[in-house]
$ cat protein-v4.txt   # compact mmCIF, N, CA and C atoms
# COMPACT_ATOMS: atom_id res chain seq x y z
N MET A 1 16.03 -183.26 38.88
CA MET A 1 14.67 -183.11 39.32
C MET A 1 14.36 -181.61 39.41
N THR A 2 13.17 -181.22 39.04
CA THR A 2 12.79 -179.81 39.12
C THR A 2 12.29 -179.46 40.53
N VAL A 3 12.23 -178.18 40.80
CA VAL A 3 11.69 -177.70 42.08
C VAL A 3 10.24 -178.18 42.22
N GLN A 4 9.46 -178.09 41.15
CA GLN A 4 8.06 -178.52 41.19
C GLN A 4 7.94 -180.00 41.54
N THR A 5 8.76 -180.83 40.93
CA THR A 5 8.74 -182.27 41.21
C THR A 5 9.15 -182.53 42.66
N LEU A 6 10.16 -181.81 43.12
CA LEU A 6 10.60 -181.94 44.51
C LEU A 6 9.46 -181.58 45.46
N ALA A 7 8.76 -180.50 45.16
CA ALA A 7 7.64 -180.08 46.00
C ALA A 7 6.56 -181.15 46.05
N GLU A 8 6.29 -181.75 44.92
CA GLU A 8 5.26 -182.79 44.87
C GLU A 8 5.70 -184.04 45.63
N LYS A 9 6.93 -184.47 45.42
CA LYS A 9 7.41 -185.70 46.05
C LYS A 9 7.56 -185.57 47.57
N LEU A 10 7.89 -184.36 48.04
CA LEU A 10 8.06 -184.15 49.48
C LEU A 10 6.82 -183.53 50.12
N ASN A 11 5.76 -183.37 49.34
CA ASN A 11 4.51 -182.82 49.87
C ASN A 11 4.71 -181.44 50.48
N LEU A 12 5.42 -180.58 49.77
CA LEU A 12 5.74 -179.25 50.25
C LEU A 12 4.70 -178.25 49.77
N THR A 13 4.47 -177.22 50.57
CA THR A 13 3.60 -176.13 50.19
C THR A 13 4.43 -175.08 49.47
N VAL A 14 4.03 -174.70 48.27
CA VAL A 14 4.74 -173.67 47.51
C VAL A 14 4.21 -172.31 47.95
N LEU A 15 5.11 -171.49 48.50
CA LEU A 15 4.72 -170.17 48.98
C LEU A 15 5.05 -169.08 47.98
N SER A 16 6.06 -169.31 47.13
CA SER A 16 6.42 -168.35 46.09
C SER A 16 7.19 -169.07 45.00
N GLY A 17 7.26 -168.41 43.86
CA GLY A 17 8.00 -168.96 42.73
C GLY A 17 7.08 -169.14 41.54
N GLY A 18 7.41 -168.49 40.44
CA GLY A 18 6.63 -168.62 39.22
C GLY A 18 6.97 -169.90 38.47
N ALA A 19 6.33 -170.09 37.34
CA ALA A 19 6.50 -171.32 36.56
C ALA A 19 7.95 -171.55 36.18
N ASP A 20 8.66 -170.49 35.75
CA ASP A 20 10.07 -170.66 35.37
C ASP A 20 10.90 -171.10 36.56
N ALA A 21 10.67 -170.47 37.70
CA ALA A 21 11.44 -170.81 38.90
C ALA A 21 11.15 -172.23 39.37
N LEU A 22 9.91 -172.66 39.25
CA LEU A 22 9.55 -174.01 39.68
C LEU A 22 10.05 -175.09 38.73
N ASN A 23 10.45 -174.68 37.53
CA ASN A 23 11.02 -175.63 36.57
C ASN A 23 12.54 -175.71 36.66
N ARG A 24 13.13 -174.97 37.57
CA ARG A 24 14.58 -175.00 37.74
C ARG A 24 15.01 -176.34 38.31
N GLU A 25 16.16 -176.81 37.86
CA GLU A 25 16.70 -178.09 38.33
C GLU A 25 17.27 -177.97 39.74
N VAL A 26 17.09 -179.02 40.51
CA VAL A 26 17.69 -179.16 41.83
C VAL A 26 18.69 -180.32 41.72
N THR A 27 19.95 -180.02 41.99
CA THR A 27 20.99 -181.05 41.82
C THR A 27 21.70 -181.41 43.12
N GLY A 28 21.34 -180.75 44.20
CA GLY A 28 21.97 -181.02 45.49
C GLY A 28 21.17 -180.38 46.60
N GLY A 29 21.77 -180.33 47.76
CA GLY A 29 21.08 -179.73 48.89
C GLY A 29 22.05 -179.23 49.93
N TYR A 30 21.52 -178.41 50.82
CA TYR A 30 22.32 -177.88 51.92
C TYR A 30 21.37 -177.59 53.08
N CYS A 31 21.84 -177.85 54.27
CA CYS A 31 21.05 -177.62 55.47
C CYS A 31 21.85 -176.71 56.39
N GLY A 32 21.28 -175.55 56.74
CA GLY A 32 22.00 -174.65 57.63
C GLY A 32 21.24 -173.38 57.89
N ASP A 33 21.60 -172.74 59.00
CA ASP A 33 20.93 -171.52 59.42
C ASP A 33 21.87 -170.33 59.63
N LEU A 34 23.16 -170.56 59.55
CA LEU A 34 24.12 -169.46 59.66
C LEU A 34 24.34 -168.91 58.25
N LEU A 35 23.77 -167.75 57.98
CA LEU A 35 23.69 -167.24 56.62
C LEU A 35 25.05 -167.11 55.94
N SER A 36 26.05 -166.62 56.64
CA SER A 36 27.37 -166.49 56.03
C SER A 36 27.95 -167.84 55.67
N TRP A 37 27.65 -168.84 56.46
CA TRP A 37 28.11 -170.21 56.20
C TRP A 37 27.43 -170.75 54.94
N VAL A 38 26.13 -170.54 54.83
CA VAL A 38 25.37 -171.01 53.68
C VAL A 38 25.87 -170.33 52.40
N MET A 39 26.14 -169.03 52.46
CA MET A 39 26.63 -168.30 51.29
C MET A 39 27.88 -168.93 50.71
N GLY A 40 28.77 -169.38 51.57
CA GLY A 40 30.04 -169.91 51.11
C GLY A 40 30.05 -171.40 50.82
N ARG A 41 29.01 -172.12 51.23
CA ARG A 41 29.07 -173.57 51.13
C ARG A 41 27.91 -174.25 50.41
N ALA A 42 26.79 -173.59 50.30
CA ALA A 42 25.64 -174.21 49.63
C ALA A 42 25.96 -174.38 48.14
N PRO A 43 25.61 -175.53 47.57
CA PRO A 43 25.91 -175.74 46.15
C PRO A 43 24.95 -174.98 45.24
N GLN A 44 25.48 -174.50 44.13
CA GLN A 44 24.64 -173.89 43.11
C GLN A 44 23.59 -174.91 42.68
N ASN A 45 22.38 -174.45 42.44
CA ASN A 45 21.25 -175.30 42.04
C ASN A 45 20.82 -176.26 43.14
N GLY A 46 21.14 -175.94 44.38
CA GLY A 46 20.75 -176.79 45.49
C GLY A 46 19.43 -176.36 46.11
N ALA A 47 18.89 -177.24 46.91
CA ALA A 47 17.72 -176.94 47.74
C ALA A 47 18.26 -176.65 49.14
N TRP A 48 17.99 -175.47 49.65
CA TRP A 48 18.49 -175.05 50.95
C TRP A 48 17.40 -175.27 51.99
N ILE A 49 17.70 -176.08 52.99
CA ILE A 49 16.77 -176.36 54.08
C ILE A 49 17.16 -175.51 55.28
N THR A 50 16.20 -174.74 55.80
CA THR A 50 16.48 -173.82 56.90
C THR A 50 15.24 -173.58 57.75
N ILE A 51 15.46 -172.99 58.92
CA ILE A 51 14.36 -172.49 59.74
C ILE A 51 14.37 -170.97 59.79
N MET A 52 15.34 -170.36 59.09
CA MET A 52 15.41 -168.90 59.03
C MET A 52 14.25 -168.39 58.17
N SER A 53 13.66 -167.28 58.57
CA SER A 53 12.48 -166.82 57.84
C SER A 53 12.45 -165.32 57.59
N ASN A 54 13.60 -164.67 57.63
CA ASN A 54 13.60 -163.22 57.38
C ASN A 54 14.13 -162.91 55.98
N VAL A 55 14.07 -161.67 55.60
CA VAL A 55 14.40 -161.23 54.24
C VAL A 55 15.81 -161.59 53.82
N ASN A 56 16.73 -161.76 54.77
CA ASN A 56 18.10 -162.10 54.42
C ASN A 56 18.21 -163.46 53.74
N VAL A 57 17.24 -164.33 53.95
CA VAL A 57 17.22 -165.64 53.30
C VAL A 57 17.18 -165.46 51.78
N ALA A 58 16.38 -164.52 51.29
CA ALA A 58 16.29 -164.29 49.85
C ALA A 58 17.62 -163.79 49.30
N ALA A 59 18.26 -162.91 50.02
CA ALA A 59 19.55 -162.39 49.57
C ALA A 59 20.59 -163.50 49.48
N VAL A 60 20.64 -164.36 50.46
CA VAL A 60 21.59 -165.47 50.47
C VAL A 60 21.26 -166.46 49.35
N ALA A 61 20.00 -166.77 49.18
CA ALA A 61 19.59 -167.69 48.11
C ALA A 61 20.00 -167.15 46.75
N GLU A 62 19.85 -165.87 46.57
CA GLU A 62 20.22 -165.24 45.30
C GLU A 62 21.74 -165.26 45.11
N LEU A 63 22.48 -164.89 46.13
CA LEU A 63 23.95 -164.87 46.04
C LEU A 63 24.54 -166.26 45.81
N ALA A 64 23.97 -167.25 46.45
CA ALA A 64 24.48 -168.62 46.34
C ALA A 64 23.90 -169.35 45.13
N ASP A 65 23.00 -168.72 44.41
CA ASP A 65 22.34 -169.30 43.23
C ASP A 65 21.64 -170.61 43.58
N ILE A 66 20.84 -170.54 44.64
CA ILE A 66 20.06 -171.67 45.15
C ILE A 66 18.81 -171.86 44.29
N SER A 67 18.43 -173.10 44.03
CA SER A 67 17.22 -173.37 43.25
C SER A 67 15.95 -173.12 44.04
N CYS A 68 15.98 -173.42 45.34
CA CYS A 68 14.80 -173.21 46.17
C CYS A 68 15.19 -173.24 47.64
N VAL A 69 14.31 -172.67 48.45
CA VAL A 69 14.49 -172.65 49.90
C VAL A 69 13.36 -173.46 50.52
N LEU A 70 13.72 -174.44 51.34
CA LEU A 70 12.73 -175.26 52.05
C LEU A 70 12.69 -174.79 53.49
N LEU A 71 11.57 -174.24 53.90
CA LEU A 71 11.39 -173.81 55.28
C LEU A 71 10.86 -174.99 56.08
N ALA A 72 11.66 -175.47 57.00
CA ALA A 72 11.33 -176.66 57.78
C ALA A 72 10.54 -176.31 59.03
N GLU A 73 9.98 -177.33 59.64
CA GLU A 73 9.30 -177.25 60.93
C GLU A 73 8.11 -176.29 60.95
N GLY A 74 7.48 -176.11 59.78
CA GLY A 74 6.31 -175.25 59.70
C GLY A 74 6.60 -173.77 59.79
N VAL A 75 7.87 -173.40 59.68
CA VAL A 75 8.25 -171.99 59.76
C VAL A 75 7.58 -171.22 58.64
N ALA A 76 7.02 -170.07 58.99
CA ALA A 76 6.38 -169.20 58.00
C ALA A 76 7.31 -168.02 57.72
N PRO A 77 7.44 -167.63 56.47
CA PRO A 77 8.31 -166.49 56.15
C PRO A 77 7.67 -165.20 56.64
N ASP A 78 8.52 -164.24 57.03
CA ASP A 78 7.95 -162.94 57.37
C ASP A 78 7.54 -162.25 56.07
N ALA A 79 6.80 -161.18 56.18
CA ALA A 79 6.25 -160.51 55.00
C ALA A 79 7.34 -160.02 54.06
N ALA A 80 8.44 -159.53 54.61
CA ALA A 80 9.53 -159.02 53.77
C ALA A 80 10.17 -160.14 52.95
N LEU A 81 10.36 -161.31 53.56
CA LEU A 81 10.92 -162.44 52.82
C LEU A 81 9.97 -162.88 51.73
N LEU A 82 8.72 -163.01 52.03
CA LEU A 82 7.74 -163.45 51.04
C LEU A 82 7.70 -162.48 49.85
N SER A 83 7.72 -161.20 50.14
CA SER A 83 7.69 -160.19 49.09
C SER A 83 8.96 -160.23 48.24
N ARG A 84 10.11 -160.33 48.87
CA ARG A 84 11.39 -160.36 48.13
C ARG A 84 11.51 -161.64 47.32
N ALA A 85 11.12 -162.76 47.89
CA ALA A 85 11.18 -164.03 47.15
C ALA A 85 10.28 -163.99 45.92
N ALA A 86 9.12 -163.41 46.05
CA ALA A 86 8.21 -163.29 44.91
C ALA A 86 8.82 -162.38 43.84
N ALA A 87 9.38 -161.27 44.27
CA ALA A 87 9.98 -160.32 43.32
C ALA A 87 11.18 -160.92 42.60
N GLU A 88 11.96 -161.72 43.29
CA GLU A 88 13.18 -162.31 42.72
C GLU A 88 12.94 -163.69 42.12
N GLN A 89 11.70 -164.16 42.15
CA GLN A 89 11.35 -165.49 41.63
C GLN A 89 12.15 -166.61 42.32
N ILE A 90 12.28 -166.51 43.64
CA ILE A 90 12.94 -167.54 44.44
C ILE A 90 11.85 -168.43 45.03
N PRO A 91 11.83 -169.70 44.66
CA PRO A 91 10.82 -170.58 45.23
C PRO A 91 11.03 -170.80 46.73
N LEU A 92 10.00 -170.47 47.49
CA LEU A 92 9.97 -170.76 48.92
C LEU A 92 8.99 -171.91 49.10
N LEU A 93 9.45 -172.97 49.73
CA LEU A 93 8.64 -174.14 49.97
C LEU A 93 8.57 -174.39 51.46
N GLN A 94 7.45 -174.85 51.95
CA GLN A 94 7.26 -175.02 53.40
C GLN A 94 6.87 -176.45 53.72
N SER A 95 7.39 -176.93 54.86
CA SER A 95 7.07 -178.27 55.34
C SER A 95 6.94 -178.25 56.86
N PRO A 96 6.04 -179.07 57.39
CA PRO A 96 5.95 -179.20 58.85
C PRO A 96 7.06 -180.11 59.41
N GLU A 97 7.77 -180.80 58.53
CA GLU A 97 8.77 -181.77 58.98
C GLU A 97 10.05 -181.10 59.45
N ALA A 98 10.80 -181.81 60.27
CA ALA A 98 12.08 -181.33 60.78
C ALA A 98 13.10 -181.27 59.65
N ALA A 99 14.09 -180.39 59.80
CA ALA A 99 15.15 -180.25 58.81
C ALA A 99 15.87 -181.57 58.58
N PHE A 100 16.12 -182.31 59.63
CA PHE A 100 16.80 -183.61 59.53
C PHE A 100 16.01 -184.56 58.63
N THR A 101 14.72 -184.62 58.84
CA THR A 101 13.86 -185.50 58.05
C THR A 101 13.84 -185.07 56.59
N LEU A 102 13.70 -183.76 56.34
CA LEU A 102 13.70 -183.27 54.98
C LEU A 102 15.02 -183.55 54.28
N ALA A 103 16.12 -183.36 54.99
CA ALA A 103 17.44 -183.61 54.41
C ALA A 103 17.57 -185.07 54.00
N GLY A 104 17.12 -185.97 54.83
CA GLY A 104 17.18 -187.39 54.49
C GLY A 104 16.35 -187.73 53.27
N LYS A 105 15.16 -187.17 53.20
CA LYS A 105 14.28 -187.43 52.07
C LYS A 105 14.85 -186.82 50.79
N LEU A 106 15.39 -185.61 50.88
CA LEU A 106 16.01 -184.97 49.73
C LEU A 106 17.19 -185.79 49.22
N TYR A 107 18.01 -186.23 50.13
CA TYR A 107 19.16 -187.07 49.75
C TYR A 107 18.69 -188.32 49.02
N GLY A 108 17.66 -188.95 49.54
CA GLY A 108 17.14 -190.16 48.91
C GLY A 108 16.62 -189.91 47.50
N LEU A 109 16.01 -188.76 47.29
CA LEU A 109 15.46 -188.43 45.96
C LEU A 109 16.55 -188.12 44.95
N LEU A 110 17.63 -187.51 45.41
CA LEU A 110 18.67 -187.05 44.49
C LEU A 110 19.76 -188.09 44.24
N ARG A 111 19.77 -189.18 44.99
CA ARG A 111 20.81 -190.21 44.80
C ARG A 111 20.33 -191.36 44.02
$ encode --input "protein-v4.txt" --output "structure tokens"
Amino acid sequence: MTVQTLAEKLNLTVLSGGADALNREVTGGYCGDLLSWVMGRAPQNGAWITIMSNVNVAAVAELADISCVLLAEGVAPDAALLSRAAAEQIPLLQSPEAAFTLAGKLYGLLR
């Protein structure tokens, strides 16, 4: 499933990511807020669900080769994260739903 399809199916707001980035495949997921933990454990091409909203999220997403970042619970990215995500073509998606709910829905879509 592509990032764009995921955004549509989960009713997510796309905050950043160009056409190429939104066409990237999502093959798994990871939920976590401890950045060092996410770096070492998130699957490549995964959708990362978090409530973290600072510029370090973009760096971790890039290092872990994440397909997209889902900001849960209505969290808004700070200006530095939004700018870096746009520059690096990292799709940032936003949802008012809890991380637990998003994780369950993501799992259902990918299985």
$ residues_around --input "protein-v4.txt" --residues "segment 23-36 of chain A" --least-positions-apart "4" --cutoff "8 Å" --atoms "all atoms listed in the file" --output "PyMOL selection string"
chain A and resi 1-6+17-19+40-52+56-57+60+66-68+99-100+103+106-107+110
$ atom_distance --input "protein-v4.txt" --atom1 "atom CA of Leu102 of chain A" --atom2 "atom CA of Ser16 of chain A"
18.8 Å
$ closest_residue --input "protein-v4.txt" --among "A:Lys9, A:Glu73, A:Ala58, A:Leu22" --to "Ala85 of chain A" --atoms "all atoms listed in the file"
A:Ala58
$ atom_distance --input "protein-v4.txt" --atom1 "atom C of Leu109 of chain A" --atom2 "atom CA of Val75 of chain A"
23.4 Å
$ axis_aligned_box --input "protein-v4.txt" --around "segment 65-72 of chain A" --padding-each-side "8 Å" --output "JSON"
{"center_x": 16.8, "center_y": -172.7, "center_z": 51.1, "size_x": 28.5, "size_y": 23.9, "size_z": 31.8}
$ closest_residue --input "protein-v4.txt" --among "A:Val14, A:Pro91, A:Met39, A:Lys105" --to "Ala64 of chain A" --atoms "only N, CA and C atoms"
A:Met39
$ residues_near_point --input "protein-v4.txt" --point "(7.9, -166.5, 56.1)" --cutoff "9 Å" --atoms "only C-alpha atoms" --output "MDAnalysis selection string"
chainID A and resid 15 52:55 71 75:82 92 94
$ closest_residue --input "protein-v4.txt" --among "A:Ala59, A:Leu10, A:Leu93, A:Ala86" --to "Ala72 of chain A" --atoms "all atoms listed in the file"
A:Leu93
$ select_by_dssp --input "protein-v4.txt" --residues "chain A" --states "helix (DSSP H, G or I)" --output "PyMOL selection string"
chain A and resi 3-9+19-22+35-41+56-63+79-88+99-110
$ atom_distance --input "protein-v4.txt" --atom1 "atom CA of Glu8 of chain A" --atom2 "atom CA of Leu63 of chain A"
25.9 Å
$ select_by_dssp --input "protein-v4.txt" --residues "segment 66-105 of chain A" --states "strand (DSSP E)" --output "PDB file with N, CA and C atoms, in the coordinates of the input"
ATOM      1  N   CYS A  68      15.980-173.420  45.340  1.00  0.00           N
ATOM      2  CA  CYS A  68      14.800-173.210  46.170  1.00  0.00           C
ATOM      3  C   CYS A  68      15.190-173.240  47.640  1.00  0.00           C
ATOM      4  N   VAL A  69      14.310-172.670  48.450  1.00  0.00           N
ATOM      5  CA  VAL A  69      14.490-172.650  49.900  1.00  0.00           C
ATOM      6  C   VAL A  69      13.360-173.460  50.520  1.00  0.00           C
ATOM      7  N   LEU A  70      13.720-174.440  51.340  1.00  0.00           N
ATOM      8  CA  LEU A  70      12.730-175.260  52.050  1.00  0.00           C
ATOM      9  C   LEU A  70      12.690-174.790  53.490  1.00  0.00           C
ATOM     10  N   LEU A  71      11.570-174.240  53.900  1.00  0.00           N
ATOM     11  CA  LEU A  71      11.390-173.810  55.280  1.00  0.00           C
ATOM     12  C   LEU A  71      10.860-174.990  56.080  1.00  0.00           C
ATOM     13  N   LEU A  92      10.000-170.470  47.490  1.00  0.00           N
ATOM     14  CA  LEU A  92       9.970-170.760  48.920  1.00  0.00           C
ATOM     15  C   LEU A  92       8.990-171.910  49.100  1.00  0.00           C
ATOM     16  N   LEU A  93       9.450-172.970  49.730  1.00  0.00           N
ATOM     17  CA  LEU A  93       8.640-174.140  49.970  1.00  0.00           C
ATOM     18  C   LEU A  93       8.570-174.390  51.460  1.00  0.00           C
ATOM     19  N   GLN A  94       7.450-174.850  51.950  1.00  0.00           N
ATOM     20  CA  GLN A  94       7.260-175.020  53.400  1.00  0.00           C
ATOM     21  C   GLN A  94       6.870-176.450  53.720  1.00  0.00           C
TER      22      GLN A  94
END
$ closest_residue --input "protein-v4.txt" --among "A:Ala61, A:Gly108, A:Ala98, A:Glu88" --to "Ala21 of chain A" --atoms "only N, CA and C atoms"
A:Glu88
$ closest_residue --input "protein-v4.txt" --among "A:Gly74, A:Thr13, A:Glu62, A:Arg111" --to "Ala87 of chain A" --atoms "only C-alpha atoms"
A:Glu62
$ decode --input "protein-v4.txt" --residues "segment 76-102 of chain A" --atoms "N, CA and C atoms" --output "mmCIF file, in the first residue's frame"
data_model
loop_
_atom_site.group_PDB
_atom_site.id
_atom_site.type_symbol
_atom_site.label_atom_id
_atom_site.label_comp_id
_atom_site.auth_asym_id
_atom_site.auth_seq_id
_atom_site.Cartn_x
_atom_site.Cartn_y
_atom_site.Cartn_z
ATOM 1 N N ALA A 76 0.777 18.607 16.384
ATOM 2 C CA ALA A 76 1.228 19.419 15.250
ATOM 3 C C ALA A 76 2.752 19.488 15.274
ATOM 4 N N PRO A 77 3.386 19.364 14.119
ATOM 5 C CA PRO A 77 4.849 19.445 14.084
ATOM 6 C C PRO A 77 5.305 20.869 14.354
ATOM 7 N N ASP A 78 6.476 20.996 14.990
ATOM 8 C CA ASP A 78 7.007 22.346 15.139
ATOM 9 C C ASP A 78 7.535 22.801 13.777
ATOM 10 N N ALA A 79 7.835 24.068 13.653
ATOM 11 C CA ALA A 79 8.231 24.637 12.367
ATOM 12 C C ALA A 79 9.485 23.974 11.806
ATOM 13 N N ALA A 80 10.426 23.645 12.672
ATOM 14 C CA ALA A 80 11.671 23.029 12.211
ATOM 15 C C ALA A 80 11.415 21.641 11.621
ATOM 16 N N LEU A 81 10.542 20.863 12.259
ATOM 17 C CA LEU A 81 10.213 19.538 11.728
ATOM 18 C C LEU A 81 9.504 19.667 10.395
ATOM 19 N N LEU A 82 8.549 20.536 10.294
ATOM 20 C CA LEU A 82 7.805 20.711 9.050
ATOM 21 C C LEU A 82 8.746 21.119 7.913
ATOM 22 N N SER A 83 9.654 22.020 8.192
ATOM 23 C CA SER A 83 10.608 22.481 7.188
ATOM 24 C C SER A 83 11.552 21.358 6.766
ATOM 25 N N ARG A 84 12.079 20.627 7.724
ATOM 26 C CA ARG A 84 13.022 19.528 7.415
ATOM 27 C C ARG A 84 12.319 18.401 6.676
ATOM 28 N N ALA A 85 11.111 18.060 7.090
ATOM 29 C CA ALA A 85 10.361 17.000 6.413
ATOM 30 C C ALA A 85 10.079 17.386 4.966
ATOM 31 N N ALA A 86 9.740 18.629 4.731
ATOM 32 C CA ALA A 86 9.490 19.094 3.367
ATOM 33 C C ALA A 86 10.773 19.023 2.539
ATOM 34 N N ALA A 87 11.867 19.463 3.120
ATOM 35 C CA ALA A 87 13.149 19.461 2.404
ATOM 36 C C ALA A 87 13.621 18.043 2.083
ATOM 37 N N GLU A 88 13.373 17.114 2.982
ATOM 38 C CA GLU A 88 13.830 15.729 2.807
ATOM 39 C C GLU A 88 12.769 14.832 2.165
ATOM 40 N N GLN A 89 11.626 15.405 1.811
ATOM 41 C CA GLN A 89 10.522 14.644 1.207
ATOM 42 C C GLN A 89 10.061 13.490 2.110
ATOM 43 N N ILE A 90 9.938 13.769 3.404
ATOM 44 C CA ILE A 90 9.428 12.793 4.370
ATOM 45 C C ILE A 90 7.953 13.103 4.591
ATOM 46 N N PRO A 91 7.071 12.182 4.235
ATOM 47 C CA PRO A 91 5.656 12.438 4.462
ATOM 48 C C PRO A 91 5.317 12.488 5.955
ATOM 49 N N LEU A 92 4.752 13.614 6.365
ATOM 50 C CA LEU A 92 4.220 13.763 7.713
ATOM 51 C C LEU A 92 2.704 13.735 7.583
ATOM 52 N N LEU A 93 2.081 12.840 8.318
ATOM 53 C CA LEU A 93 0.638 12.688 8.293
ATOM 54 C C LEU A 93 0.109 12.911 9.697
ATOM 55 N N GLN A 94 -1.050 13.507 9.814
ATOM 56 C CA GLN A 94 -1.598 13.862 11.129
ATOM 57 C C GLN A 94 -2.979 13.252 11.316
ATOM 58 N N SER A 95 -3.234 12.822 12.568
ATOM 59 C CA SER A 95 -4.533 12.265 12.922
ATOM 60 C C SER A 95 -4.920 12.715 14.325
ATOM 61 N N PRO A 96 -6.212 12.924 14.555
ATOM 62 C CA PRO A 96 -6.658 13.236 15.911
ATOM 63 C C PRO A 96 -6.750 11.975 16.783
ATOM 64 N N GLU A 97 -6.631 10.808 16.162
ATOM 65 C CA GLU A 97 -6.812 9.556 16.902
ATOM 66 C C GLU A 97 -5.590 9.199 17.739
ATOM 67 N N ALA A 98 -5.818 8.383 18.748
ATOM 68 C CA ALA A 98 -4.750 7.909 19.627
ATOM 69 C C ALA A 98 -3.821 6.972 18.869
ATOM 70 N N ALA A 99 -2.573 6.893 19.317
ATOM 71 C CA ALA A 99 -1.589 6.011 18.697
ATOM 72 C C ALA A 99 -2.072 4.562 18.703
ATOM 73 N N PHE A 100 -2.683 4.134 19.779
ATOM 74 C CA PHE A 100 -3.189 2.763 19.886
ATOM 75 C C PHE A 100 -4.218 2.478 18.791
ATOM 76 N N THR A 101 -5.124 3.402 18.593
ATOM 77 C CA THR A 101 -6.163 3.245 17.576
ATOM 78 C C THR A 101 -5.552 3.208 16.179
ATOM 79 N N LEU A 102 -4.616 4.125 15.905
ATOM 80 C CA LEU A 102 -3.964 4.147 14.604
ATOM 81 C C LEU A 102 -3.189 2.864 14.344
#
